[in-house]
Amino acid sequence: MKSNPAIQAAIDLTAGAAGGTACMLTGQPFDTMKVKMQTFPALYRGLGDCCLKTYAQVGFRGFYKGASPALIANVAENSVLFLSYGFWQRAVRRAVGADAQAELSGVQNAAAGSLAAACAALVVCPTELVKCRLQAMYEMETSGKIATSQGTVWSVVKGTLRKHGPLGFYHGLSSTLLREVPGYFFFFGGYEETRSFFASGRSKDELGPVPLMLSGGVGGTCLWLAVYPVDCIKSRIQVLSMSGKQAGFIGTCTSVVKNEGIMALYSGLKPAVMRAFPANGALFLAYEYSRKLMMSQFEAD
């Protein structure tokens, strides 16, 4: 049963969904701070100031603004990501002439992850757009860029459809692809290499929860350090396009560097890196253990 491609794909999809859920539940407050600081860096002196002001503005629920689309985004993205990751791992094995159960090198896993991320970007762009707009809604309203709104998922969806049509949900798609494809090369490469380090010659499947979570944290940190400025531009495009036509990736990047300096592209990096260990640790822990559980069930049949 283990070698059946359809069953393997279903297992990867389900395990990815479990990982995405765990990632969102542990990392959402950090992600909210990241988006706020990326899109309105002048309003906040740092992470502590952003946390205090968010709590003063709307209370604890402010840290979970956009939680519904974030959950959908994480489940959808990681389901497609890990489904595609398994597919591309098998494709890489065929390309290099390796056995179907052979262990890939770190670079080969990284390449499979990069290709998988291109597929996931098409799913994650619309849901991330809704999430980012909800997270920065208070700042958009108080700055006068948009009229006061209900600040619900449905109101954002309706507003996007009314102003831009269905393609409006793909504002920032080029930025998303520019973030996902190279970013997940470092994400999966960092994760797999760290797992290999902890395994020390043993099977990586034998690793316990702590090495898995640390490996996930390293992978997440590698991703953000490699592509953070691209994510900052993506957030700006997706949020600021609420108030009208927004320049594309090159135009937005040029404007930010010219008017605010290059360091503005790194606004919110601290919460992103802080989020990497709990969120991506939980992601891989849930993914690996749920995948192992399902694989053992099918092998027992």
# chains A, B, ... in the order shown; residues from 1 in each chain; ligands from 1

call {"tool": "residues_around", "arguments": {"residues": "Thr194 (chain A)", "least_positions_apart": "4", "cutoff": "7 Å", "atoms": "only C-alpha atoms", "output": "NGL selection string"}}
result
:A and (190 or 198 or 215)

call {"tool": "residues_around", "arguments": {"residues": "Ser143 (chain A)", "least_positions_apart": "5", "cutoff": "12 Å", "atoms": "only C-alpha atoms", "output": "PyMOL selection string"}}
result
chain A and resi 39-40+42-43+136-138+148+240+243

call {"tool": "write_last_selection", "arguments": {"atoms": "C-alpha atoms", "output": "tab-separated table (two decimals), in the first residue's frame"}}
result
chain	number	residue	atom	x	y	z
A	39	THR	CA	2.70	48.05	5.82
A	40	PHE	CA	2.81	50.92	8.36
A	42	ALA	CA	6.15	54.73	10.65
A	43	LEU	CA	3.35	53.99	13.16
A	136	ALA	CA	-3.97	46.01	8.62
A	137	MET	CA	-7.62	47.18	8.47
A	138	TYR	CA	-7.38	49.39	11.58
A	148	THR	CA	-14.66	52.60	7.97
A	240	LEU	CA	-2.49	49.27	-0.03
A	243	SER	CA	-7.40	52.19	-1.51

call {"tool": "closest_residue", "arguments": {"among": "A:Gln108, A:Ser290, A:Ser84, A:Thr32", "to": "Gly66 (chain A)", "atoms": "only C-alpha atoms"}}
result
A:Thr32

call {"tool": "residues_around", "arguments": {"residues": "Lys145 (chain A)", "least_positions_apart": "3", "cutoff": "9 Å", "atoms": "only C-alpha atoms", "output": "PDB file with all heavy atoms, in the first residue's frame"}}
result
ATOM      1  N   GLU A 139      -5.265  50.205  10.681  1.00  0.00           N
ATOM      2  CA  GLU A 139      -4.328  51.234  10.220  1.00  0.00           C
ATOM      3  C   GLU A 139      -4.814  51.894   8.932  1.00  0.00           C
ATOM      4  O   GLU A 139      -4.647  53.111   8.749  1.00  0.00           O
ATOM      5  CB  GLU A 139      -2.940  50.624  10.003  1.00  0.00           C
ATOM      6  CG  GLU A 139      -2.208  50.245  11.281  1.00  0.00           C
ATOM      7  CD  GLU A 139      -2.650  48.925  11.876  1.00  0.00           C
ATOM      8  OE1 GLU A 139      -3.537  48.254  11.292  1.00  0.00           O
ATOM      9  OE2 GLU A 139      -2.129  48.548  12.930  1.00  0.00           O
ATOM     10  N   MET A 140      -5.408  51.131   8.032  1.00  0.00           N
ATOM     11  CA  MET A 140      -5.937  51.701   6.781  1.00  0.00           C
ATOM     12  C   MET A 140      -7.073  52.674   7.067  1.00  0.00           C
ATOM     13  O   MET A 140      -7.198  53.718   6.418  1.00  0.00           O
ATOM     14  CB  MET A 140      -6.423  50.575   5.858  1.00  0.00           C
ATOM     15  CG  MET A 140      -5.307  49.743   5.246  1.00  0.00           C
ATOM     16  SD  MET A 140      -4.287  50.654   4.066  1.00  0.00           S
ATOM     17  CE  MET A 140      -5.388  50.722   2.641  1.00  0.00           C
ATOM     18  N   GLU A 141      -7.915  52.344   8.046  1.00  0.00           N
ATOM     19  CA  GLU A 141      -9.047  53.211   8.393  1.00  0.00           C
ATOM     20  C   GLU A 141      -8.581  54.484   9.104  1.00  0.00           C
ATOM     21  O   GLU A 141      -9.000  55.584   8.761  1.00  0.00           O
ATOM     22  CB  GLU A 141     -10.038  52.450   9.272  1.00  0.00           C
ATOM     23  CG  GLU A 141     -10.780  51.340   8.541  1.00  0.00           C
ATOM     24  CD  GLU A 141     -11.634  50.497   9.481  1.00  0.00           C
ATOM     25  OE1 GLU A 141     -11.560  50.711  10.707  1.00  0.00           O
ATOM     26  OE2 GLU A 141     -12.372  49.622   8.982  1.00  0.00           O
ATOM     27  N   THR A 142      -7.713  54.336  10.108  1.00  0.00           N
ATOM     28  CA  THR A 142      -7.274  55.503  10.877  1.00  0.00           C
ATOM     29  C   THR A 142      -6.379  56.441  10.070  1.00  0.00           C
ATOM     30  O   THR A 142      -6.303  57.635  10.367  1.00  0.00           O
ATOM     31  CB  THR A 142      -6.529  55.066  12.156  1.00  0.00           C
ATOM     32  OG1 THR A 142      -5.455  54.177  11.806  1.00  0.00           O
ATOM     33  CG2 THR A 142      -7.472  54.360  13.120  1.00  0.00           C
ATOM     34  N   LEU A 240      -2.277  47.905   0.466  1.00  0.00           N
ATOM     35  CA  LEU A 240      -2.486  49.267  -0.026  1.00  0.00           C
ATOM     36  C   LEU A 240      -3.333  49.320  -1.294  1.00  0.00           C
ATOM     37  O   LEU A 240      -3.900  50.369  -1.613  1.00  0.00           O
ATOM     38  CB  LEU A 240      -1.138  49.947  -0.263  1.00  0.00           C
ATOM     39  CG  LEU A 240      -0.268  50.112   0.996  1.00  0.00           C
ATOM     40  CD1 LEU A 240       1.060  50.765   0.649  1.00  0.00           C
ATOM     41  CD2 LEU A 240      -0.998  50.912   2.064  1.00  0.00           C
ATOM     42  N   MET A 242      -6.116  48.183  -1.525  1.00  0.00           N
ATOM     43  CA  MET A 242      -7.498  48.402  -1.080  1.00  0.00           C
ATOM     44  C   MET A 242      -7.968  49.815  -1.398  1.00  0.00           C
ATOM     45  O   MET A 242      -9.142  50.053  -1.642  1.00  0.00           O
ATOM     46  CB  MET A 242      -7.616  48.185   0.441  1.00  0.00           C
ATOM     47  CG  MET A 242      -7.879  46.783   0.874  1.00  0.00           C
ATOM     48  SD  MET A 242      -8.461  46.704   2.593  1.00  0.00           S
ATOM     49  CE  MET A 242      -6.994  47.146   3.489  1.00  0.00           C
ATOM     50  N   SER A 243      -7.027  50.780  -1.350  1.00  0.00           N
ATOM     51  CA  SER A 243      -7.401  52.186  -1.515  1.00  0.00           C
ATOM     52  C   SER A 243      -7.317  52.667  -2.954  1.00  0.00           C
ATOM     53  O   SER A 243      -7.542  53.827  -3.246  1.00  0.00           O
ATOM     54  CB  SER A 243      -6.517  53.067  -0.632  1.00  0.00           C
ATOM     55  OG  SER A 243      -5.146  52.901  -0.986  1.00  0.00           O
TER      56      SER A 243
END

call {"tool": "residues_around", "arguments": {"residues": "region 9-18 of chain A", "least_positions_apart": "6", "cutoff": "12 Å", "atoms": "only C-alpha atoms", "output": "ChimeraX atom specification"}}
result
/A:1-3,24-25,71-90,120,282-298
